[in-house]
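One structure is given here, and the rest of the page talks about it.
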Amino acid sequence: MSFLDRFIAAVTHNDRDLYALFFASIFLLVVQLWAGQWTTALFAGTLGSFALSLVRLRHDVGTISKQRFGLSSVFLDHTPPDVISSFKTAKQLLLIGVSLDRTLRNAYTPLEVFLSNGGKLRVLIVDPRSDWSIRIADKRAYLEHGLEQRRAHIESSIVTFRQLQQRTGGHVEIKVTEDPLTFGATMIDAAEHTSETRIVIQHYSYKKRNAAEPNPVFIVRPADQEWFKEFQEELENLWRDGAASPR
């Protein structure tokens with residue numbers, strides 16, 4: 001680093017240059033007011049205001065530069081907490097996943113409120129009768145549970161969703177798919193847009209050691225226009241091709 005660079009860094013550290021300009025302008029303002037030089041006093045006041053504006057602008061630019069950019073501004077490493085809390089006021093939900101056992105653990109009460117309020121819940125999970133689908137889904141996990149244990153997770157989720165329906169008297173429709181599903185999805189109020197409308201996609205990481213939950217995660221909203229329609233159509237196609245869940 002050159003001498004000039006070091007000098008500029010020292011002067012601008014903690015906005016010393018701008019605060020010096022501000023206090024100098026205030027001093028000039030007082031002097032000119034005392035002398036009755038109104039034009040120069042107005043200039044000094046304007047200069048002081050400009051210095052403070054530059055301080056704020058410099059801080060804002062610094063904040064923006066520290067924020068996520070590129071793909072990091074799109075992908076998240078976890079599902080935002082407000083997604084689950086929004087279930088309580090939503091009207092329609094479509095949940096898609098291998099077993100959705102994590103969703104049931106984290107969102108049982110919000111789902112209970114959702115159904116009690118008359119919400120319509122659709123659930124699509126991997127068909128527990130399809131050995132091939134279960135094996136592929138299990139193989140993606142860092143810790144493989146094996147065919148029978150993974151099947152048991154799926155069957156347990158089906159039972160829990162039915163218990164939710166019985167407990168609340170709500171509308172729950174369960175389907176299964178032979179697609180092993182490499183992602184999970186939550187679609188909220190897609191048919192009739194509300195303030196909660198969004199699609200949350202969770203990529204199922206392959207053999208990732210430290211995946212606390214499927215990640216990365218990204219969210220698509222109606223403002224994303226064609227991308228929202230793209231994912232909505234794909235999820236609806238998955239749902240349409242699903243079969244009734246086994247009893």
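So you can find residues: chains in the structure tokens are A, B, ... in the order shown, residues in each start at 1, and ligands are numbered from 1 in order.
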
- request: Using backbone DSSP assignments, extract all strand (DSSP E or B) residues from range 57-146 of chain A; output them as a list in words.
  value: Leu76, Gln92, Leu93, Leu94, Leu95, Ile96, Gly97, Lys120, Leu121, Arg122, Val123, Leu124, Ile125 and Val126 of chain A

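Nearest residue to Leu33 in chain A among A:Gly45, A:Leu18, A:His153, A:Gly118 is A:Gly45, counting only C-alpha atoms.
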
message: Considering only helix (DSSP H, G or I) as DSSP defines it on the backbone, what residues of range 2-139 of chain A qualify? List them as a VMD selection string.
response: chain A and resid 3 to 35 38 to 66 70 to 73 81 to 89 101 to 116 131 to 139

With only C-alpha atoms as the counted atoms, please give the residues lying no more than 12 Å from Ile201 in chain A, apart from itself and same-chain residues fewer than 6 positions off, as a PDB file with N, CA and C atoms, in the first residue's frame.
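Output file selection-v7.pdb follows:
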```pdb
ATOM      1  N   VAL A  74     -30.128 -15.431  -3.499  1.00  0.00           N
ATOM      2  CA  VAL A  74     -31.282 -16.231  -3.907  1.00  0.00           C
ATOM      3  C   VAL A  74     -31.471 -17.437  -2.993  1.00  0.00           C
ATOM      4  N   PHE A  75     -30.376 -18.164  -2.743  1.00  0.00           N
ATOM      5  CA  PHE A  75     -30.454 -19.391  -1.957  1.00  0.00           C
ATOM      6  C   PHE A  75     -30.281 -19.109  -0.469  1.00  0.00           C
ATOM      7  N   LEU A  76     -31.045 -19.846   0.338  1.00  0.00           N
ATOM      8  CA  LEU A  76     -30.970 -19.756   1.790  1.00  0.00           C
ATOM      9  C   LEU A  76     -30.471 -21.096   2.328  1.00  0.00           C
ATOM     10  N   ASP A  77     -29.918 -21.081   3.546  1.00  0.00           N
ATOM     11  CA  ASP A  77     -29.456 -22.333   4.130  1.00  0.00           C
ATOM     12  C   ASP A  77     -30.479 -22.938   5.090  1.00  0.00           C
ATOM     13  N   HIS A  78     -31.650 -22.316   5.176  1.00  0.00           N
ATOM     14  CA  HIS A  78     -32.720 -22.859   6.008  1.00  0.00           C
ATOM     15  C   HIS A  78     -34.039 -22.228   5.572  1.00  0.00           C
ATOM     16  N   THR A  79     -35.122 -22.852   5.957  1.00  0.00           N
ATOM     17  CA  THR A  79     -36.444 -22.304   5.659  1.00  0.00           C
ATOM     18  C   THR A  79     -36.762 -21.175   6.633  1.00  0.00           C
ATOM     19  N   PRO A  80     -37.113 -19.988   6.154  1.00  0.00           N
ATOM     20  CA  PRO A  80     -37.423 -18.878   7.063  1.00  0.00           C
ATOM     21  C   PRO A  80     -38.538 -19.256   8.039  1.00  0.00           C
ATOM     22  N   VAL A  83     -42.394 -18.924   7.324  1.00  0.00           N
ATOM     23  CA  VAL A  83     -43.110 -19.822   6.411  1.00  0.00           C
ATOM     24  C   VAL A  83     -44.057 -20.711   7.208  1.00  0.00           C
ATOM     25  N   LEU A  94     -50.061 -27.020  -0.184  1.00  0.00           N
ATOM     26  CA  LEU A  94     -49.623 -28.240  -0.841  1.00  0.00           C
ATOM     27  C   LEU A  94     -48.234 -28.553  -0.301  1.00  0.00           C
ATOM     28  N   LEU A  95     -48.098 -29.694   0.370  1.00  0.00           N
ATOM     29  CA  LEU A  95     -46.827 -30.121   0.932  1.00  0.00           C
ATOM     30  C   LEU A  95     -46.310 -31.321   0.157  1.00  0.00           C
ATOM     31  N   ILE A  96     -45.065 -31.241  -0.300  1.00  0.00           N
ATOM     32  CA  ILE A  96     -44.468 -32.320  -1.079  1.00  0.00           C
ATOM     33  C   ILE A  96     -43.118 -32.677  -0.472  1.00  0.00           C
ATOM     34  N   GLY A  97     -42.871 -33.968  -0.261  1.00  0.00           N
ATOM     35  CA  GLY A  97     -41.595 -34.409   0.286  1.00  0.00           C
ATOM     36  C   GLY A  97     -41.540 -35.913   0.358  1.00  0.00           C
ATOM     37  N   LEU A 181     -38.298 -38.110  -5.620  1.00  0.00           N
ATOM     38  CA  LEU A 181     -38.275 -36.714  -5.163  1.00  0.00           C
ATOM     39  C   LEU A 181     -36.875 -36.269  -4.701  1.00  0.00           C
ATOM     40  N   THR A 182     -36.276 -35.408  -5.463  1.00  0.00           N
ATOM     41  CA  THR A 182     -34.978 -34.832  -5.097  1.00  0.00           C
ATOM     42  C   THR A 182     -35.138 -33.450  -4.483  1.00  0.00           C
ATOM     43  N   PHE A 183     -36.364 -33.055  -4.225  1.00  0.00           N
ATOM     44  CA  PHE A 183     -36.635 -31.776  -3.579  1.00  0.00           C
ATOM     45  C   PHE A 183     -37.928 -31.877  -2.793  1.00  0.00           C
ATOM     46  N   GLY A 184     -38.072 -30.988  -1.825  1.00  0.00           N
ATOM     47  CA  GLY A 184     -39.328 -30.839  -1.113  1.00  0.00           C
ATOM     48  C   GLY A 184     -39.940 -29.494  -1.486  1.00  0.00           C
ATOM     49  N   ALA A 185     -41.225 -29.365  -1.309  1.00  0.00           N
ATOM     50  CA  ALA A 185     -41.883 -28.112  -1.697  1.00  0.00           C
ATOM     51  C   ALA A 185     -43.049 -27.806  -0.771  1.00  0.00           C
ATOM     52  N   THR A 186     -43.236 -26.526  -0.536  1.00  0.00           N
ATOM     53  CA  THR A 186     -44.395 -26.026   0.193  1.00  0.00           C
ATOM     54  C   THR A 186     -45.015 -24.927  -0.653  1.00  0.00           C
ATOM     55  N   MET A 187     -46.238 -25.131  -1.070  1.00  0.00           N
ATOM     56  CA  MET A 187     -46.924 -24.131  -1.888  1.00  0.00           C
ATOM     57  C   MET A 187     -48.103 -23.578  -1.088  1.00  0.00           C
ATOM     58  N   ILE A 188     -48.076 -22.278  -0.862  1.00  0.00           N
ATOM     59  CA  ILE A 188     -49.067 -21.618  -0.008  1.00  0.00           C
ATOM     60  C   ILE A 188     -49.953 -20.697  -0.838  1.00  0.00           C
ATOM     61  N   PRO A 214     -33.031 -30.001   4.568  1.00  0.00           N
ATOM     62  CA  PRO A 214     -32.697 -29.938   3.141  1.00  0.00           C
ATOM     63  C   PRO A 214     -32.300 -28.522   2.742  1.00  0.00           C
ATOM     64  N   ASN A 215     -31.205 -28.388   2.026  1.00  0.00           N
ATOM     65  CA  ASN A 215     -30.780 -27.070   1.589  1.00  0.00           C
ATOM     66  C   ASN A 215     -29.932 -27.226   0.335  1.00  0.00           C
ATOM     67  N   PRO A 216     -29.799 -26.224  -0.497  1.00  0.00           N
ATOM     68  CA  PRO A 216     -30.303 -24.882  -0.240  1.00  0.00           C
ATOM     69  C   PRO A 216     -31.817 -24.765  -0.429  1.00  0.00           C
ATOM     70  N   VAL A 217     -32.319 -23.647   0.053  1.00  0.00           N
ATOM     71  CA  VAL A 217     -33.746 -23.331  -0.014  1.00  0.00           C
ATOM     72  C   VAL A 217     -33.911 -22.057  -0.822  1.00  0.00           C
ATOM     73  N   PHE A 218     -34.942 -21.992  -1.648  1.00  0.00           N
ATOM     74  CA  PHE A 218     -35.256 -20.723  -2.291  1.00  0.00           C
ATOM     75  C   PHE A 218     -36.772 -20.545  -2.360  1.00  0.00           C
ATOM     76  N   ILE A 219     -37.176 -19.297  -2.448  1.00  0.00           N
ATOM     77  CA  ILE A 219     -38.598 -18.943  -2.388  1.00  0.00           C
ATOM     78  C   ILE A 219     -38.999 -18.215  -3.660  1.00  0.00           C
ATOM     79  N   VAL A 220     -40.127 -18.612  -4.218  1.00  0.00           N
ATOM     80  CA  VAL A 220     -40.669 -17.979  -5.422  1.00  0.00           C
ATOM     81  C   VAL A 220     -42.020 -17.369  -5.065  1.00  0.00           C
ATOM     82  N   ARG A 221     -42.224 -16.132  -5.482  1.00  0.00           N
ATOM     83  CA  ARG A 221     -43.465 -15.419  -5.182  1.00  0.00           C
ATOM     84  C   ARG A 221     -44.151 -14.987  -6.476  1.00  0.00           C
ATOM     85  N   PHE A 228     -42.818 -18.160 -10.985  1.00  0.00           N
ATOM     86  CA  PHE A 228     -43.856 -18.641 -10.074  1.00  0.00           C
ATOM     87  C   PHE A 228     -44.782 -19.597 -10.819  1.00  0.00           C
ATOM     88  N   PHE A 231     -42.995 -23.092 -11.489  1.00  0.00           N
ATOM     89  CA  PHE A 231     -42.949 -24.020 -10.357  1.00  0.00           C
ATOM     90  C   PHE A 231     -44.355 -24.450  -9.933  1.00  0.00           C
ATOM     91  N   GLN A 232     -45.310 -23.555 -10.024  1.00  0.00           N
ATOM     92  CA  GLN A 232     -46.685 -23.913  -9.697  1.00  0.00           C
ATOM     93  C   GLN A 232     -47.182 -25.031 -10.611  1.00  0.00           C
ATOM     94  N   GLU A 234     -45.360 -27.233 -12.272  1.00  0.00           N
ATOM     95  CA  GLU A 234     -44.642 -28.475 -12.005  1.00  0.00           C
ATOM     96  C   GLU A 234     -45.190 -29.178 -10.765  1.00  0.00           C
ATOM     97  N   LEU A 235     -45.443 -28.421  -9.715  1.00  0.00           N
ATOM     98  CA  LEU A 235     -45.965 -29.023  -8.491  1.00  0.00           C
ATOM     99  C   LEU A 235     -47.380 -29.561  -8.698  1.00  0.00           C
TER     100      LEU A 235
END
```

field: Contacts of Thr160 in chain A within 12 Å, only C-alpha atoms, excl. fewer than 6 positions in-chain, as a PyMOL selection string
entry: chain A and resi 99-101+103-105+108+111-112+123+153-154+166-167+172+174

Using the selection just defined, write its residues with N, CA and C atoms as an mmCIF file, in the first residue's frame.
```
data_model
loop_
_atom_site.group_PDB
_atom_site.id
_atom_site.type_symbol
_atom_site.label_atom_id
_atom_site.label_comp_id
_atom_site.auth_asym_id
_atom_site.auth_seq_id
_atom_site.Cartn_x
_atom_site.Cartn_y
_atom_site.Cartn_z
ATOM 1 N N SER A 99 -41.009 -37.947 3.037
ATOM 2 C CA SER A 99 -41.870 -38.420 4.122
ATOM 3 C C SER A 99 -42.568 -37.284 4.858
ATOM 4 N N LEU A 100 -42.001 -36.071 4.761
ATOM 5 C CA LEU A 100 -42.539 -34.885 5.451
ATOM 6 C C LEU A 100 -42.532 -35.055 6.968
ATOM 7 N N ASP A 101 -41.701 -35.956 7.481
ATOM 8 C CA ASP A 101 -41.660 -36.131 8.935
ATOM 9 C C ASP A 101 -41.094 -34.893 9.624
ATOM 10 N N THR A 103 -41.432 -31.804 8.561
ATOM 11 C CA THR A 103 -42.513 -30.814 8.524
ATOM 12 C C THR A 103 -43.520 -31.078 9.636
ATOM 13 N N LEU A 104 -43.845 -32.324 9.859
ATOM 14 C CA LEU A 104 -44.793 -32.658 10.925
ATOM 15 C C LEU A 104 -44.224 -32.312 12.299
ATOM 16 N N ARG A 105 -42.941 -32.543 12.493
ATOM 17 C CA ARG A 105 -42.332 -32.216 13.787
ATOM 18 C C ARG A 105 -42.329 -30.707 14.030
ATOM 19 N N TYR A 108 -46.552 -29.078 13.358
ATOM 20 C CA TYR A 108 -47.785 -29.793 13.708
ATOM 21 C C TYR A 108 -48.863 -28.823 14.209
ATOM 22 N N LEU A 111 -50.245 -26.490 11.523
ATOM 23 C CA LEU A 111 -51.111 -27.252 10.626
ATOM 24 C C LEU A 111 -52.453 -27.550 11.293
ATOM 25 N N GLU A 112 -52.419 -27.800 12.573
ATOM 26 C CA GLU A 112 -53.650 -28.047 13.318
ATOM 27 C C GLU A 112 -54.547 -26.806 13.300
ATOM 28 N N VAL A 123 -51.288 -33.284 0.507
ATOM 29 C CA VAL A 123 -50.005 -33.871 0.894
ATOM 30 C C VAL A 123 -49.592 -34.883 -0.166
ATOM 31 N N HIS A 153 -40.946 -44.562 8.127
ATOM 32 C CA HIS A 153 -41.080 -43.112 8.297
ATOM 33 C C HIS A 153 -42.231 -42.574 7.455
ATOM 34 N N ILE A 154 -42.304 -43.050 6.219
ATOM 35 C CA ILE A 154 -43.348 -42.571 5.316
ATOM 36 C C ILE A 154 -44.723 -43.010 5.810
ATOM 37 N N GLN A 166 -58.598 -36.238 11.530
ATOM 38 C CA GLN A 166 -59.613 -36.684 12.488
ATOM 39 C C GLN A 166 -59.718 -35.731 13.671
ATOM 40 N N ARG A 167 -58.579 -35.222 14.125
ATOM 41 C CA ARG A 167 -58.573 -34.336 15.283
ATOM 42 C C ARG A 167 -59.272 -33.005 14.987
ATOM 43 N N VAL A 172 -58.129 -32.838 4.424
ATOM 44 C CA VAL A 172 -56.787 -33.349 4.155
ATOM 45 C C VAL A 172 -56.878 -34.393 3.045
ATOM 46 N N ILE A 174 -54.418 -36.917 0.785
ATOM 47 C CA ILE A 174 -53.076 -37.478 0.748
ATOM 48 C C ILE A 174 -52.903 -38.306 -0.521
#
```

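Candidate residues A:Asp241, A:Glu226, A:Asp15, A:Asp138 were compared for distance to Ser53 in chain A, and the nearest is A:Asp15, using only C-alpha atoms.
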
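Minimum distance to Arg198 in chain A across A:Thr39, A:Asn106, A:Asn237, A:Ser86 (counting only C-alpha atoms) occurs at A:Ser86.
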
- prompt: If you count only C-alpha atoms, which residues fall within 12 Å of Phe23 in chain A, apart from same-chain ones fewer than 3 positions away, as a list in words?
  reply: Arg16, Asp17, Leu18, Tyr19, Ala20, Ile26, Phe27, Leu28, Leu29, Val30, Ala44, Gly45, Leu47, Gly48, Ser49, Phe50, Ala51 and Leu52 of chain A

Arg150 in chain A surroundings by only C-alpha atoms, 9 Å radius, close-in-sequence under 4 positions cut, as a list in words: Ser99, Pro128, Ile134, Arg135, Ala137, Asp138, Glu144, His145, Gly146, Ile154 and Glu155 of chain A

message: If I take CA of Ser245 in chain A and CA of Tyr206 in chain A, how far is one from the other in Å, to one decimal?
response: 26.6 Å

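Pairwise distance (CA of Leu115 in chain A, CA of Thr168 in chain A) equals 6.2 Å.
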
- request: Quick one: pull the distance between CA of Val55 in chain A and CA of Val31 in chain A, Å, one decimal.
  value: 24.1 Å
